[in-house]
Every structure is written in structure tokens, then in C-alpha cells.
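Heads up, the thing below is written out as C-alpha cells.
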Amino acid sequence: MRPTSHAFNRNAHAALADERLQEALNGTPQGMQSRRASAVAQLPEFEALREHGREIKNHVIAHLDLYLLKFEEAVTRQGGHMHWARDAAEARRIVLDICRKAGARHVTKGKSMVTEEIGLTPFLEANGIEAVETDLGEYIIQLRGETPSHIVAPAFHLKKPQIADAFREKHKHLDPERPLTEDRQLLDEARGVLRDKFIKADVGITGANFCVAETGSTLIVTNEGNGDLTQVLPRIHIAVTGMEKLVPTMEDAFTLLRLLARSATGQEFSCYTTVSTGPRRPGDIDGPEEFHVVLLDNGRSALVGSEMQEVLRCIRCGACMNHCPVYGAVGGHAYGWVYPGPIGAALNPGLIGLAEGHALAGASTFCGRCEEVCPMKIPLPGIMRHWREKAWQQQLAPPTQRWGLGLWAWFARRPALYRLASGLGARLLSGLGGRKGRLRWLPMAGGWTSERDFPAPPAGGSFMQQWQAREKRAAPKADGGKV
Amino acid sequence: MTSAREEMLARVRRGLAGRDEAAARSDVDARLERQHVGPIPAIGTVEGEAAIEQFITRARAAAATVERLAGPGDVPAAVADYLAGRNLAARARISADLAGLGWERTGLDIVGGKADPADTVSVVSAEAAIAETGTLLLISGAEHSTAANFLPETHLVVVPASRVVGSYELAWKQARARHGLPRTLNFITGPSRTGDIEQRIQLGAHGPRNLHIMVVGDL
């Protein structure tokens, strides 16, 4: 997909003005937060698991080249095929070539953010291959021609009537008078339509939550069972995944799985955790005849060894966005690319470039809740600060911001002048505030004062001036006191 | 032209420059060799009868139904009762290792082999049951159709009491010792579900709507 992250501010304003979106966002983050909180509270070992999980991923990143080779060796040993893709275009081409070689006309897809990242589904469709998303949320947004607004709950931004409208518009073969008001009616209709797609598919494409270096396995986690039908029924299974998804062993994967579902949905364990290793074995009743892994770089390798490398620990649980006040106010689409919320702000500039993505690093109140709930303890606000710094160095920030910060920096480097100016400013605002101590309007702060008054500083000058005055008053007492 | 593989590896190595290469290699080899087990939560360390009880409680919490049977010979009648009690068709796809349990007496229409989209009921055996979260482990193979775990609306699973363990790690270790590495491992916790319509949970998304577990025999 073409990113619109540079226009985050404009996107965010539009999202705030969108009444339907605001209705859908209303209250849902609280539900997700309390489900996570209760799952975490019920597991006294959660913190120990987080520490161990962080250690696993740090170890993998520090040895990533070696683990990639071990994984490749194991995939091949198990009869699978490994493909390396430098960027999105190369990954799309690899998948298309596999489909073409197999004469595939119908493809089913499990939910995968990496395939969203490379825009795989529209690409296959444009090349004459029917590609159907099978996760219910993904299917709904595919019908609507949208992208996911949340990495775990892609249709997070939609209400029931919008889903019903999409079904009526696209499922033309069904009775137009059928009722679609109950959750169950919508689910049953999708289940029926998608069942046919599963059966018809020549190729099934999934992502991978983890890739196990020791065994050459890919592992997916679902609740619906769609990813499982996607990878067991068709003749070919392709797993498309980012190169940072490696773990050394299955034992390591179990540690991370204990963190994943609890952080994502508040479940102890997702319904289905499925491990796939190579194609079907001689004598197996079912399973794919071919197994392919497409390993995507797309900017990830450049993060290794950088100040931002900790972002590569991410296991895509979505807890950061569920706890983010900015995400909660504007939803996922405003971020303008596949990964929204704090993880998007920390990761996207590395994947789509700083020129496109730097505005996201400012899409934060720096309250720190994302870091607090991150099961992999990624210092998300810290990484956003690094991106800001880089954007500043590369002169990517808008001119007004650069001018304002430049002015501030000029004063800040001259302490005496700074104190004088801030003291004058404080007294001026205090005077303007009058007896009420509030300002109804302030230049360059219209966004604040249009909603509420601005509290004027108290009389007595700047903080520094008041502090000095206080110290002076307190000084004689302190000297005379006995210790 | 450099291949994508060489280029990606080179980029990663650029970020890791300055590393002690010999030490890095032996670290990786040791880690893969050792298969280090991380912290196991207390709920994953239960054993014996306590493990069976906890498995049952947690599987029920995940919306599965569970019953205990005295021996494998009781399975056919229990399946017949379950299907009759829910008004379901008296026809089931079964895994090959359950074929000799004496289905003739039940009058059920029993078929083996690969699952078919028309199947409404499957009865299969599990490799292990995991007390930590009420999770089943099922494996693919000559006797087990993976599709049978997902296509039918009603999924019945037989697990011997002796195969109930505390943690995922233990289930994996034992399965590996018995079978090597099957193509597919399915860890299953409750019936299929979705929260994609306004974040309300509904059971029976693409996989089974009913998951019924029969824990068979004693320790």
C-alpha cells in the first residue's frame, strides 16, 4: 500500500471529525485494556516471562545472520523451499512466480501483516489470481477495499451495519431480503462463503508469528481456524514472514506464546497455535505437497545495530495501540500505513523511510503506557525520540517547527537572557490573566483556547524567579537550625 | 549481481560488525543443542491427578466440554450419546487409531481417512493434553487428518489420562520423542471463535463450533 504517513496531522483531524469512526472507537480500548490486565494479573510469572522473552529476541538479533542460515538449512532439510526478498516488490514477485508455476487460479490467505506490508492481495488480483482474505475482519475490510486499522482486530473501526452493507453489496448470489442484523447471521454468511473459497484454493498463504531455526518450522496463531484451513487444504503452502521473526527453538517459542495471547486479547492461549514443518510426509493423509517460506527484509536489516534495533523484538500483539491515547482518539488509518499506534511510530520510519514516516514519531503524548505494557519491553517512546532526532538532523521537520525550536535553542544557550525573557513572559501572561488567572485566548495556542481557558502563571515571575525568592526567604532559618 | 540472500546477510552483518565471530557461532550452536526451557508458570508444573483436574477445568473455561471415561471401550457409546443428545447426524469421520474400539454396536456411520468438507463430526485422538491452559496437542500423520480438526462443526477428541501433562514444553518433548517432527502440530484450546464483529466473541468461526474432549482411563 502507498503510505500517507507524512499527512498524519491531516489524517488525524479527519479521523476526529468522523462521527462513525468516533462511535466505533468509543469505549473499545477500555475493554481490551481490562482483558489484558486481568490475564496478566492471573499469571504471577508474567514479569519473569517478559524478561526471558526479551533475552531470547536480543540474542536472536545479535546473531541474526547465523540464525537465518540455520533456519534455511532446516527448512531445506525438511523438504521446504526458502526464498529471500530484499523488498516488497521482490517478495510479491516470488509469490506470484510460485503461483504461476503451479497454475494456481485461486488463493486463500491467512491473516498476515507482512502480506499487508507488501500489498500482496491486490497484486495477485491484478495478475489474474483470485486472492481471498479468510480472517473475518480481514475479509470484511477486503470487501470494503480498506486496509486494517488494528494489527490484531483489522475491522476494529467498523460497526455492524457497515459490515452488513458490505455483505449485501458483494454477496450478490444470496437472497437480497435476507436478515443481517444479528452477529450470528453475519458470521454464518461469511463462514459459508469462505468455506467454498477454502475448498477451491490451489495455494494457501499465511504469515508466521514465529520461525523456529532449529526445526525449520513456521508457527501461526489464530482464533478462527482460518489460517489452519488455509495451510492444510491447498496443494501449496507459502508462509511470508519478516526476517526478525526467528526464534532458536520451540521452547523459546513457548515462552513468547505465553506472552502473546495475554497481551493481545487477554486470552491465556489462542484457540489455535499451529506449527508447520516442510510439506506433507510420505504416508500423511493430508497437508500441502509444497512448502515455501518467503523471508522479507524491506528495511529490517538496516535497523540491526542501530539505536532503533530493539523494535525488532516486536511480536505484533497490539497491546501498545490498545493502551495509546493517540491511537484511541484517531484509530489506525490516520497513521497512513500498515502498522498503526506506537509500534507503527517506532517501526514504520525504518520500513517506509524517514521522509515519509517521520510525522508518526510525533504522534505520541509520550505518556509511556506503550512501553509499560509491551511484553517485549521495547522502549517505544525512546525509539520515537531517536527518529525525531534523525528527522531534525535531516531537516525533515516542517519550517514553523524548525523555526520555533531554533528560536528556543538560541535563548536556551544564553541562560541569563533566557531567564530574563521567560521572567518577562511569565509576568506578562500573569498580568493578562487578571484576577481570574485565566486566559481566554492566546496567540499560537488557538487549539487549546478554543476548547478551554489557558491557566495564566501566578504572579511572581517565572519558576526560577519564584524559586530564588523562596530560597532567599528560607535561607536564614536553614542556617540557624540545629542538626 | 548479488543474490537477495547474500545482500540481506551482508546488511545484517554490517549491523553486527565487531562481534567475536567464533564465540557467536558457538553460542548459537550451544543454544540449538541445549533447547533451554524458559520459566514455566506454576500452572504448568502440575502432575498426575491434579494435572487432569486442572486440564478439565481450564478446557471448560475455554468453552470446551469434557467428560471422563473408564476405558477406550466406552468411547463409541459416549460419542453416540453426545451426538444423539445434540440432535446431530449419526455419522463421524474418525482417526485410524480409533477404528478398533467397537463402533458396530453403536449404529453410528463411521468413516476413516482424510476429512471431507461435507463432514459434520470428527472423532480423533490427541497426542497430549496440557493442563497449563486446557490445551490439546494433535499431530498429523498416516493416522491423523489435520483437516479433521478444522472442517467439521463438531470436533470430538479422545485423550488417554496418561497423556495429560503440565506444560507445552513437556507435551512437545514427549511428542518429539515418539514421532520425530510431524508436518503439523495443532495446539487447540477450545472451539473456534472470532471477535471481529464489534469485539464480541462468537464461537464457531471457521473451525468447529463444538469441542468435546473425552479423557480416557486412569493414571
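Just so we're on the same page: first chain in the C-alpha cells is A, next is B, and so on; residues restart at 1 for each chain, and ligands are numbered from 1 in the order they show up.
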
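Near chain A, counting only C-alpha atoms at 6 Å, the chain B residues are Ala4, Arg5, Leu9, Arg11, Val12, Gly15, Leu16, Val37, Pro41, Lys114, Gly141, Ala142, Ser145, Arg183, Thr184, Leu185, Asn186, Phe187, Ile188, Thr189, Gly190, Ser192, Arg193, Thr194, Asp196, Ala205, His206 and Gly207 of chain B.
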
Only C-alpha atoms, please: the residues just picked out, written as a JSON list (two decimals), in the first residue's frame.
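Once everything was written out, this is again.json:
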[["chain", "number", "residue", "atom", "x", "y", "z"],
["B", 4, "ALA", "CA", 18.97, -11.30, -2.38],
["B", 5, "ARG", "CA", 20.24, -13.86, 0.10],
["B", 9, "LEU", "CA", 23.02, -11.41, 5.06],
["B", 11, "ARG", "CA", 23.35, -5.97, 5.51],
["B", 12, "VAL", "CA", 22.70, -7.79, 8.77],
["B", 15, "GLY", "CA", 25.00, -4.02, 11.72],
["B", 16, "LEU", "CA", 26.76, -6.68, 13.78],
["B", 37, "VAL", "CA", 13.44, -24.34, 28.77],
["B", 41, "PRO", "CA", 4.48, -20.89, 35.33],
["B", 114, "LYS", "CA", -9.00, -37.76, 5.01],
["B", 141, "GLY", "CA", 0.41, -38.36, 10.08],
["B", 142, "ALA", "CA", -0.77, -41.53, 8.40],
["B", 145, "SER", "CA", -6.05, -35.94, 9.10],
["B", 183, "ARG", "CA", 4.38, -31.97, 9.43],
["B", 184, "THR", "CA", 1.70, -30.28, 11.51],
["B", 185, "LEU", "CA", 1.30, -29.78, 15.22],
["B", 186, "ASN", "CA", -2.05, -28.33, 16.30],
["B", 187, "PHE", "CA", -2.31, -26.87, 19.77],
["B", 188, "ILE", "CA", -6.06, -26.44, 20.30],
["B", 189, "THR", "CA", -7.69, -24.54, 23.17],
["B", 190, "GLY", "CA", -11.48, -24.56, 22.99],
["B", 192, "SER", "CA", -13.02, -21.79, 17.08],
["B", 193, "ARG", "CA", -14.06, -18.19, 17.73],
["B", 194, "THR", "CA", -13.93, -14.63, 16.43],
["B", 196, "ASP", "CA", -14.19, -9.36, 14.62],
["B", 205, "ALA", "CA", -15.88, -19.03, 13.21],
["B", 206, "HIS", "CA", -14.18, -21.16, 10.53],
["B", 207, "GLY", "CA", -13.36, -24.18, 12.66]]

- Query: Running DSSP on the backbone, which parts of segment 258-323 of chain A land in alpha helix (DSSP H), as an MDAnalysis selection string?
  - Reply: chainID A and resid 258:264 300:303 319:322

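Residue neighbourhood of segment 381-391 of chain A, excluding near-sequence residues (fewer than 5 positions): Met308, Ala345, Ala346, Leu354, His358, Ala361, Phe366, Gly368, Leu396 and Ala397 of chain A, at 7 Å, using only C-alpha atoms.
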
- Message: I need the residues in segment 102-197 of chain A that are strand (DSSP E or B) according to DSSP; give them as a PyMOL selection string.
- Response: chain A and resi 106-109+130-133

- Query: Could you work out how far atom CA of Met376 of chain A lies from atom CA of Arg54 of chain A, giving the answer in Å with one decimal?
  - Reply: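 Straight-line distance from atom CA of Arg54 of chain A to atom CA of Met376 of chain A works out to 5.3 Å.
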
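Taking only C-alpha atoms into account, Val159 of chain B lies nearest to B:Asp97 out of the set B:Asp97, B:Glu7, B:Asp116, B:Glu198.
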
- Got a sec: who's within 9 Å of Gly336 of chain A, counting only C-alpha atoms, leaving out chain neighbours fewer than 3 positions off, as JSON, numbers by chain? {"A": [2, 3, 4, 5, 6, 7, 8, 11, 332, 333, 339, 340, 357]}

Please produce a file of those selected residues containing all heavy atoms, as an mmCIF file, in the first residue's frame.
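again_32.cif written:
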data_model
loop_
_atom_site.group_PDB
_atom_site.id
_atom_site.type_symbol
_atom_site.label_atom_id
_atom_site.label_comp_id
_atom_site.auth_asym_id
_atom_site.auth_seq_id
_atom_site.Cartn_x
_atom_site.Cartn_y
_atom_site.Cartn_z
ATOM 1 N N ARG A 2 0.366 2.311 -0.619
ATOM 2 C CA ARG A 2 1.099 3.574 -0.665
ATOM 3 C C ARG A 2 0.886 4.313 0.656
ATOM 4 O O ARG A 2 -0.237 4.603 1.043
ATOM 5 C CB ARG A 2 0.568 4.415 -1.831
ATOM 6 C CG ARG A 2 1.394 5.664 -2.091
ATOM 7 C CD ARG A 2 0.819 6.416 -3.279
ATOM 8 N NE ARG A 2 0.996 5.684 -4.532
ATOM 9 C CZ ARG A 2 2.147 5.647 -5.207
ATOM 10 N NH1 ARG A 2 3.188 6.306 -4.771
ATOM 11 N NH2 ARG A 2 2.243 4.970 -6.327
ATOM 12 N N PRO A 3 1.957 4.613 1.364
ATOM 13 C CA PRO A 3 1.789 5.250 2.669
ATOM 14 C C PRO A 3 1.323 6.708 2.571
ATOM 15 O O PRO A 3 1.682 7.407 1.624
ATOM 16 C CB PRO A 3 3.197 5.190 3.283
ATOM 17 C CG PRO A 3 4.124 4.770 2.227
ATOM 18 C CD PRO A 3 3.362 4.372 1.017
ATOM 19 N N THR A 4 0.529 7.129 3.541
ATOM 20 C CA THR A 4 0.175 8.550 3.652
ATOM 21 C C THR A 4 0.569 9.045 5.044
ATOM 22 O O THR A 4 -0.071 9.921 5.601
ATOM 23 C CB THR A 4 -1.340 8.785 3.450
ATOM 24 O OG1 THR A 4 -2.036 8.079 4.493
ATOM 25 C CG2 THR A 4 -1.815 8.290 2.111
ATOM 26 N N SER A 5 1.634 8.465 5.568
ATOM 27 C CA SER A 5 2.044 8.803 6.936
ATOM 28 C C SER A 5 2.521 10.237 7.067
ATOM 29 O O SER A 5 2.402 10.842 8.125
ATOM 30 C CB SER A 5 3.156 7.857 7.393
ATOM 31 O OG SER A 5 2.733 6.523 7.274
ATOM 32 N N HIS A 6 3.076 10.791 5.975
ATOM 33 C CA HIS A 6 3.545 12.183 6.038
ATOM 34 C C HIS A 6 2.396 13.121 6.378
ATOM 35 O O HIS A 6 2.597 14.201 6.903
ATOM 36 C CB HIS A 6 4.159 12.592 4.689
ATOM 37 C CG HIS A 6 3.181 12.504 3.557
ATOM 38 N ND1 HIS A 6 2.946 11.327 2.878
ATOM 39 C CD2 HIS A 6 2.343 13.415 3.023
ATOM 40 C CE1 HIS A 6 2.015 11.538 1.947
ATOM 41 N NE2 HIS A 6 1.634 12.794 2.024
ATOM 42 N N ALA A 7 1.154 12.696 6.051
ATOM 43 C CA ALA A 7 -0.007 13.558 6.287
ATOM 44 C C ALA A 7 -0.715 13.187 7.578
ATOM 45 O O ALA A 7 -1.927 13.353 7.698
ATOM 46 C CB ALA A 7 -0.965 13.443 5.109
ATOM 47 N N PHE A 8 0.050 12.677 8.569
ATOM 48 C CA PHE A 8 -0.595 12.234 9.808
ATOM 49 C C PHE A 8 -1.495 13.311 10.421
ATOM 50 O O PHE A 8 -2.612 13.034 10.845
ATOM 51 C CB PHE A 8 0.434 11.771 10.845
ATOM 52 C CG PHE A 8 -0.209 11.396 12.152
ATOM 53 C CD1 PHE A 8 -0.835 10.181 12.296
ATOM 54 C CD2 PHE A 8 -0.245 12.292 13.215
ATOM 55 C CE1 PHE A 8 -1.479 9.839 13.473
ATOM 56 C CE2 PHE A 8 -0.885 11.965 14.408
ATOM 57 C CZ PHE A 8 -1.499 10.729 14.538
ATOM 58 N N ASN A 11 -4.648 13.560 8.468
ATOM 59 C CA ASN A 11 -5.415 12.323 8.677
ATOM 60 C C ASN A 11 -6.073 12.317 10.059
ATOM 61 O O ASN A 11 -7.213 11.889 10.217
ATOM 62 C CB ASN A 11 -4.500 11.092 8.593
ATOM 63 C CG ASN A 11 -3.874 10.922 7.219
ATOM 64 O OD1 ASN A 11 -4.322 11.546 6.256
ATOM 65 N ND2 ASN A 11 -2.852 10.083 7.127
ATOM 66 N N GLY A 332 -6.649 3.586 13.610
ATOM 67 C CA GLY A 332 -5.438 3.121 12.943
ATOM 68 C C GLY A 332 -5.148 3.741 11.594
ATOM 69 O O GLY A 332 -3.993 3.889 11.195
ATOM 70 N N HIS A 333 -6.210 4.117 10.853
ATOM 71 C CA HIS A 333 -5.970 4.558 9.470
ATOM 72 C C HIS A 333 -5.203 5.877 9.378
ATOM 73 O O HIS A 333 -4.510 6.127 8.409
ATOM 74 C CB HIS A 333 -7.294 4.677 8.719
ATOM 75 C CG HIS A 333 -7.876 3.329 8.378
ATOM 76 N ND1 HIS A 333 -9.233 3.104 8.291
ATOM 77 C CD2 HIS A 333 -7.284 2.138 8.137
ATOM 78 C CE1 HIS A 333 -9.431 1.827 7.987
ATOM 79 N NE2 HIS A 333 -8.269 1.222 7.901
ATOM 80 N N TYR A 339 1.274 -0.575 9.936
ATOM 81 C CA TYR A 339 1.390 -0.736 11.380
ATOM 82 C C TYR A 339 1.025 0.580 12.064
ATOM 83 O O TYR A 339 1.770 1.551 11.963
ATOM 84 C CB TYR A 339 2.816 -1.150 11.774
ATOM 85 C CG TYR A 339 3.286 -2.393 11.040
ATOM 86 C CD1 TYR A 339 4.105 -2.305 9.917
ATOM 87 C CD2 TYR A 339 2.875 -3.658 11.455
ATOM 88 C CE1 TYR A 339 4.514 -3.446 9.233
ATOM 89 C CE2 TYR A 339 3.271 -4.806 10.773
ATOM 90 C CZ TYR A 339 4.102 -4.689 9.672
ATOM 91 O OH TYR A 339 4.498 -5.812 8.986
ATOM 92 N N PRO A 340 -0.115 0.628 12.759
ATOM 93 C CA PRO A 340 -0.502 1.878 13.426
ATOM 94 C C PRO A 340 -0.032 1.896 14.885
ATOM 95 O O PRO A 340 0.604 0.946 15.360
ATOM 96 C CB PRO A 340 -2.028 1.824 13.365
ATOM 97 C CG PRO A 340 -2.349 0.361 13.438
ATOM 98 C CD PRO A 340 -1.184 -0.382 12.821
ATOM 99 N N GLY A 357 7.822 8.731 6.976
ATOM 100 C CA GLY A 357 7.310 8.273 8.264
ATOM 101 C C GLY A 357 7.602 9.145 9.471
ATOM 102 O O GLY A 357 7.112 8.861 10.558
#

- Message: Show me, as number ranges by chain, the residues that have an atom within 8 Å of Ala161 of chain B when counting only C-alpha atoms, minus same-chain residues fewer than 2 positions from it.
- Response: B: 52, 159, 163-164, 215-219

Output file for the selection above: N, CA and C atoms, as a short mmCIF file (atom, residue, chain, number, x, y, z; two decimals), in the first residue's frame:
data_model
loop_
_atom_site.label_atom_id
_atom_site.label_comp_id
_atom_site.auth_asym_id
_atom_site.auth_seq_id
_atom_site.Cartn_x
_atom_site.Cartn_y
_atom_site.Cartn_z
N ILE B 52 -4.82 -33.61 35.60
CA ILE B 52 -6.06 -33.97 34.88
C ILE B 52 -7.19 -33.03 35.29
N VAL B 159 -8.41 -38.43 24.58
CA VAL B 159 -7.04 -38.36 25.08
C VAL B 159 -6.90 -39.27 26.31
N ARG B 163 -1.72 -39.24 29.15
CA ARG B 163 -1.10 -38.26 28.25
C ARG B 163 -1.36 -36.82 28.67
N VAL B 164 -1.93 -36.62 29.84
CA VAL B 164 -2.14 -35.26 30.33
C VAL B 164 -0.85 -34.79 31.02
N VAL B 215 -11.54 -37.72 28.29
CA VAL B 215 -10.30 -38.14 28.95
C VAL B 215 -10.53 -39.60 29.39
N VAL B 216 -9.70 -40.48 28.85
CA VAL B 216 -9.98 -41.90 28.97
C VAL B 216 -9.01 -42.60 29.91
N GLY B 217 -9.57 -43.42 30.82
CA GLY B 217 -8.76 -44.28 31.68
C GLY B 217 -8.24 -43.54 32.91
N ASP B 218 -7.45 -44.28 33.69
CA ASP B 218 -6.85 -43.70 34.90
C ASP B 218 -5.36 -43.66 34.72
N LEU B 219 -4.70 -43.06 35.68
CA LEU B 219 -3.24 -42.99 35.61
C LEU B 219 -2.61 -44.32 35.93
#

- Item | Which residue of B:Ala96, B:Leu32, B:Ala175, B:Ala10 approaches Ala74 of chain A most closely, using only C-alpha atoms | B:Leu32

- Message: Measuring between only C-alpha atoms, which one of A:Met444, A:Glu182, A:Ser462, A:Phe411 shows the shortest distance to Ser430 of chain A?
- Response: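 Of A:Met444, A:Glu182, A:Ser462, A:Phe411, the one nearest Ser430 of chain A is A:Ser462, counting only C-alpha atoms.
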
- Task: Would you work out the distance separating atom CA of Arg435 of chain A from atom CA of Phe454 of chain A, expressed in Å to one decimal?
- Result: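 Between atom CA of Arg435 of chain A and atom CA of Phe454 of chain A the gap works out to 13.7 Å.
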
Using 12 Å as the limit and counting only C-alpha atoms, can you tabulate each residue of segment 350-396 of chain A that touches segment 322-327 of chain A, with its shortest atom-to-atom distance in Å and the two atoms involved, as JSON lines?
{"residue": "A:Leu360", "atom": "CA", "partner": "A:Val326", "partner_atom": "CA", "distance": 10.8}
{"residue": "A:Ala361", "atom": "CA", "partner": "A:Val326", "partner_atom": "CA", "distance": 11.8}
{"residue": "A:Gly362", "atom": "CA", "partner": "A:Val326", "partner_atom": "CA", "distance": 10.4}
{"residue": "A:Ala363", "atom": "CA", "partner": "A:Val326", "partner_atom": "CA", "distance": 6.8}
{"residue": "A:Ser364", "atom": "CA", "partner": "A:Val326", "partner_atom": "CA", "distance": 6.3}
{"residue": "A:Thr365", "atom": "CA", "partner": "A:Val326", "partner_atom": "CA", "distance": 7.3}
{"residue": "A:Phe366", "atom": "CA", "partner": "A:Cys324", "partner_atom": "CA", "distance": 9.5}
{"residue": "A:Cys367", "atom": "CA", "partner": "A:Cys324", "partner_atom": "CA", "distance": 8.5}
{"residue": "A:Gly368", "atom": "CA", "partner": "A:Cys324", "partner_atom": "CA", "distance": 8.7}
{"residue": "A:Arg369", "atom": "CA", "partner": "A:His323", "partner_atom": "CA", "distance": 6.3}
{"residue": "A:Cys370", "atom": "CA", "partner": "A:His323", "partner_atom": "CA", "distance": 6.2}
{"residue": "A:Glu371", "atom": "CA", "partner": "A:His323", "partner_atom": "CA", "distance": 9.7}
{"residue": "A:Glu372", "atom": "CA", "partner": "A:His323", "partner_atom": "CA", "distance": 9.4}
{"residue": "A:Val373", "atom": "CA", "partner": "A:His323", "partner_atom": "CA", "distance": 7.8}
{"residue": "A:Cys374", "atom": "CA", "partner": "A:His323", "partner_atom": "CA", "distance": 9.8}
{"residue": "A:Leu380", "atom": "CA", "partner": "A:Cys324", "partner_atom": "CA", "distance": 11.4}
{"residue": "A:Pro381", "atom": "CA", "partner": "A:Cys324", "partner_atom": "CA", "distance": 11.4}

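Reported to one decimal place, the separation of atom CA of Arg92 of chain A from atom CA of Val294 of chain A is 9.5 Å.
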